[in-house]
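*Asks:* Sharing coords_25.tsv here; it has TSV, C-alpha atoms.
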```
chain	number	residue	atom	x	y	z
B	1	MET	CA	119.90	31.19	54.43
B	2	LEU	CA	118.53	30.06	51.05
B	3	GLU	CA	116.14	27.46	52.45
B	4	GLY	CA	112.95	29.53	52.32
B	5	LEU	CA	113.59	31.16	48.97
B	6	PRO	CA	111.74	29.96	45.87
B	7	ALA	CA	113.54	28.20	43.02
B	8	SER	CA	115.30	30.74	40.84
B	9	ARG	CA	118.35	31.07	38.63
B	10	ALA	CA	120.07	33.14	41.31
B	11	LYS	CA	119.45	30.46	43.94
B	12	ALA	CA	120.68	27.71	41.61
B	13	GLU	CA	123.82	29.67	40.72
B	14	THR	CA	124.51	30.50	44.38
B	15	LEU	CA	124.19	26.84	45.40
B	16	ALA	CA	126.35	25.75	42.46
B	17	SER	CA	129.01	28.21	43.56
B	18	LEU	CA	128.80	26.96	47.15
B	19	SER	CA	129.10	23.38	45.89
B	20	SER	CA	132.24	24.34	44.01
B	21	ARG	CA	133.76	25.89	47.13
B	22	HIS	CA	133.16	22.69	49.10
B	23	GLY	CA	134.80	20.68	46.34
B	24	LEU	CA	137.83	22.97	46.33
B	25	ALA	CA	138.10	22.38	50.08
B	26	ASP	CA	138.04	18.60	49.48
B	27	ASP	CA	134.66	18.35	51.23
B	28	PHE	CA	133.36	16.14	48.44
B	29	VAL	CA	130.30	14.74	50.20
B	30	GLU	CA	128.98	18.23	50.91
B	31	ALA	CA	129.89	19.37	47.40
B	32	ILE	CA	127.74	16.57	45.98
B	33	ARG	CA	124.85	17.24	48.37
B	34	ILE	CA	124.73	20.95	47.58
B	35	GLY	CA	125.45	20.35	43.90
B	36	GLU	CA	122.44	18.05	43.66
B	37	GLN	CA	120.27	20.76	45.24
B	38	ALA	CA	121.64	23.28	42.75
B	39	LEU	CA	120.96	20.91	39.85
B	40	GLU	CA	117.37	20.31	40.93
B	41	ILE	CA	116.70	24.03	41.32
B	42	ALA	CA	118.45	24.84	38.03
B	43	GLU	CA	116.18	22.38	36.24
B	44	VAL	CA	113.06	23.93	37.80
B	45	ALA	CA	114.26	27.48	37.14
B	46	GLY	CA	115.43	26.71	33.61
B	47	SER	CA	119.05	27.76	34.16
B	48	ASP	CA	121.22	25.70	31.84
B	49	GLU	CA	124.35	27.59	32.97
B	50	ALA	CA	123.72	26.55	36.58
B	51	ARG	CA	123.04	22.98	35.39
B	52	VAL	CA	126.46	22.87	33.70
B	53	SER	CA	128.11	24.21	36.83
B	54	ALA	CA	126.28	21.85	39.18
B	55	LEU	CA	126.98	18.79	37.00
B	56	THR	CA	130.65	19.75	36.82
B	57	ASN	CA	130.83	20.11	40.60
B	58	ILE	CA	129.03	16.84	41.29
B	59	GLY	CA	131.21	14.97	38.81
B	60	ALA	CA	134.47	16.43	40.09
B	61	ALA	CA	133.47	15.66	43.68
B	62	ARG	CA	132.59	12.07	42.80
B	63	ALA	CA	135.96	11.74	41.08
B	64	GLY	CA	137.54	13.19	44.22
B	65	LEU	CA	135.96	10.35	46.17
B	66	GLY	CA	137.43	7.85	43.71
B	67	GLU	CA	134.10	7.27	41.95
B	68	TRP	CA	135.71	7.79	38.54
B	69	GLU	CA	132.97	6.24	36.41
B	70	ALA	CA	130.09	8.11	38.04
B	71	GLY	CA	132.08	11.34	38.22
B	72	GLY	CA	133.14	11.07	34.61
B	73	ALA	CA	129.55	10.49	33.52
B	74	GLU	CA	128.37	13.64	35.34
B	75	MET	CA	131.19	15.70	33.84
B	76	GLU	CA	130.45	14.30	30.36
B	77	ARG	CA	126.83	15.44	30.82
B	78	ALA	CA	128.11	18.88	31.79
B	79	VAL	CA	130.38	19.05	28.73
B	80	ARG	CA	127.57	17.94	26.37
B	81	LEU	CA	125.18	20.53	27.78
B	82	ALA	CA	127.85	23.24	27.67
B	83	ARG	CA	128.46	22.46	23.99
B	84	GLU	CA	124.72	22.62	23.24
B	85	ILE	CA	124.24	26.02	24.86
B	86	HIS	CA	127.69	27.44	23.96
B	87	SER	CA	128.38	27.98	27.65
B	88	PHE	CA	131.40	29.74	29.07
B	89	GLN	CA	131.11	27.17	31.91
B	90	GLY	CA	132.20	24.58	29.36
B	91	ILE	CA	135.81	25.65	29.89
B	92	ARG	CA	135.67	24.51	33.52
B	93	ALA	CA	133.66	21.39	32.72
B	94	ILE	CA	136.15	20.34	30.04
B	95	GLY	CA	139.10	21.12	32.31
B	96	ASN	CA	137.76	19.03	35.17
B	97	LEU	CA	136.93	16.12	32.88
B	98	ARG	CA	140.39	16.40	31.29
B	99	ASN	CA	142.03	16.21	34.71
B	100	SER	CA	140.00	13.14	35.61
B	101	MET	CA	140.88	11.41	32.35
B	102	PHE	CA	144.55	12.15	33.01
B	103	GLU	CA	144.24	10.75	36.56
B	104	ILE	CA	142.81	7.44	35.34
B	105	GLY	CA	145.42	7.17	32.59
B	106	ASP	CA	143.26	7.92	29.55
B	107	LEU	CA	145.88	10.20	28.04
B	108	THR	CA	144.35	10.23	24.57
B	109	ARG	CA	141.00	11.51	25.85
B	110	SER	CA	142.79	13.92	28.18
B	111	ALA	CA	144.75	15.39	25.24
B	112	GLU	CA	141.58	15.70	23.14
B	113	LEU	CA	139.88	17.56	25.96
B	114	LEU	CA	142.90	19.82	26.43
B	115	ASP	CA	142.68	20.82	22.76
B	116	GLU	CA	138.93	21.38	23.01
B	117	GLY	CA	139.27	23.41	26.20
B	118	LEU	CA	141.99	25.61	24.73
B	119	ALA	CA	139.92	26.19	21.59
B	120	LEU	CA	136.90	27.17	23.69
B	121	ALA	CA	138.98	29.46	25.89
B	122	ASP	CA	140.44	31.02	22.75
B	123	ARG	CA	136.94	31.69	21.38
B	124	HIS	CA	136.18	33.50	24.65
B	125	GLY	CA	139.41	35.51	24.36
B	126	LEU	CA	141.08	33.82	27.32
B	127	VAL	CA	144.22	32.33	25.73
B	128	ALA	CA	147.22	34.65	25.99
B	129	GLY	CA	149.40	35.04	22.96
B	130	ARG	CA	146.77	34.07	20.41
```
For this file, produce the structure as structure tokens.
*Replies:*
Amino acid sequence: MLEGLPASRAKAETLASLSSRHGLADDFVEAIRIGEQALEIAEVAGSDEARVSALTNIGAARAGLGEWEAGGAEMERAVRLAREIHSFQGIRAIGNLRNSMFEIGDLTRSAELLDEGLALADRHGLVAGR
């Protein structure tokens, strides 16, 4: 459906969202494939928000396949970019990276990311009771 459309922020965001859905369904190969398309289009269209989302999806999917190093590197890229642009998407990027660090036993890094994610969510008014 999106094949013939030109590169745009909307197309990049739509593909990033579709990539996320495939990842949530444990269809990691398709999540990576579509995420890479979203990333390429986001770069052409200049959508840093879609880049953060696509990198997060690709990294989480790679981690889902057991490719912890490659997945972690993609998620670290997403977190760095989210920090640079003060992106709301950073909450999800940090959360996914935190989960991966917990899974591989890096509890110190996981705890650091938990604190950072909570602080970011708080800044966006998303932490109840604060």
*Asks:* So how far away is CA of Leu24 in chain B from CA of Gly59 in chain B, in Å?
*Replies:*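 Between CA of Gly59 in chain B and CA of Leu24 in chain B the gap works out to 12.8 Å.
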*Asks:* Under the rule that only C-alpha atoms are counted, which of B:His22, B:Glu13, B:Ala61, B:Ser110 is the nearest residue to Leu39 in chain B?
*Replies:*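 Ranked by minimum distance to Leu39 in chain B, first place goes to B:Glu13.
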*Asks:* So how many Å separate CA of Ala111 in chain B and CA of Ser53 in chain B, to one decimal?
*Replies:* 22.1 Å
*Asks:* I'd like the contact shell of Ser47 in chain B - 10 Å cut-off, all atoms listed in the file, skipping same-chain residues fewer than 3 positions apart - returned as JSON, numbers by chain.
*Replies:* {"B": [8, 9, 10, 12, 13, 39, 41, 42, 43, 44, 50, 51, 52]}
*Asks:* Quick check, in Å to one decimal: how far apart do CA of Gly71 in chain B and CA of Val127 in chain B lie?
*Replies:*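 We find that CA of Gly71 in chain B and CA of Val127 in chain B lie 27.3 Å from each other.
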*Asks:* Could you rebuild range 55-72 of chain B with N, CA, C and O atoms and give it back as a compact mmCIF listing (two decimals), in the frame of the given file?
*Replies:*
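As a result, out-v9.txt now contains:
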```txt
# COMPACT_ATOMS: atom_id res chain seq x y z
N LEU B 55 126.52 20.10 37.50
CA LEU B 55 126.98 18.79 37.00
C LEU B 55 128.50 18.67 37.07
O LEU B 55 129.03 17.62 37.44
N THR B 56 129.19 19.75 36.74
CA THR B 56 130.65 19.75 36.82
C THR B 56 131.09 19.53 38.25
O THR B 56 131.98 18.71 38.53
N ASN B 57 130.47 20.24 39.18
CA ASN B 57 130.83 20.11 40.60
C ASN B 57 130.56 18.71 41.14
O ASN B 57 131.40 18.14 41.85
N ILE B 58 129.40 18.18 40.82
CA ILE B 58 129.03 16.84 41.29
C ILE B 58 130.01 15.82 40.73
O ILE B 58 130.51 14.95 41.45
N GLY B 59 130.29 15.91 39.44
CA GLY B 59 131.21 14.97 38.81
C GLY B 59 132.61 15.05 39.38
O GLY B 59 133.24 14.02 39.67
N ALA B 60 133.12 16.26 39.54
CA ALA B 60 134.47 16.43 40.09
C ALA B 60 134.54 15.92 41.52
O ALA B 60 135.54 15.29 41.92
N ALA B 61 133.49 16.14 42.30
CA ALA B 61 133.47 15.66 43.68
C ALA B 61 133.42 14.12 43.73
O ALA B 61 134.12 13.50 44.53
N ARG B 62 132.62 13.54 42.85
CA ARG B 62 132.59 12.07 42.80
C ARG B 62 133.97 11.52 42.41
O ARG B 62 134.43 10.54 42.99
N ALA B 63 134.62 12.15 41.46
CA ALA B 63 135.96 11.74 41.08
C ALA B 63 136.91 11.90 42.27
O ALA B 63 137.77 11.04 42.51
N GLY B 64 136.73 12.96 43.03
CA GLY B 64 137.54 13.19 44.22
C GLY B 64 137.38 12.10 45.26
O GLY B 64 138.30 11.82 46.04
N LEU B 65 136.22 11.47 45.26
CA LEU B 65 135.96 10.35 46.17
C LEU B 65 136.42 9.02 45.58
O LEU B 65 136.25 7.98 46.19
N GLY B 66 136.98 9.07 44.36
CA GLY B 66 137.43 7.85 43.71
C GLY B 66 136.35 7.17 42.88
O GLY B 66 136.56 6.08 42.36
N GLU B 67 135.21 7.81 42.75
CA GLU B 67 134.10 7.27 41.95
C GLU B 67 134.26 7.77 40.52
O GLU B 67 133.48 8.58 40.02
N TRP B 68 135.32 7.27 39.84
CA TRP B 68 135.71 7.79 38.54
C TRP B 68 134.62 7.63 37.49
O TRP B 68 134.38 8.56 36.70
N GLU B 69 133.98 6.49 37.45
CA GLU B 69 132.97 6.24 36.41
C GLU B 69 131.77 7.17 36.57
O GLU B 69 131.35 7.83 35.62
N ALA B 70 131.24 7.24 37.79
CA ALA B 70 130.09 8.11 38.04
C ALA B 70 130.47 9.58 37.87
O ALA B 70 129.72 10.36 37.27
N GLY B 71 131.63 9.96 38.36
CA GLY B 71 132.08 11.34 38.22
C GLY B 71 132.29 11.72 36.78
O GLY B 71 131.89 12.80 36.33
N GLY B 72 132.91 10.81 36.03
CA GLY B 72 133.14 11.07 34.61
C GLY B 72 131.83 11.23 33.85
O GLY B 72 131.71 12.09 32.98
```
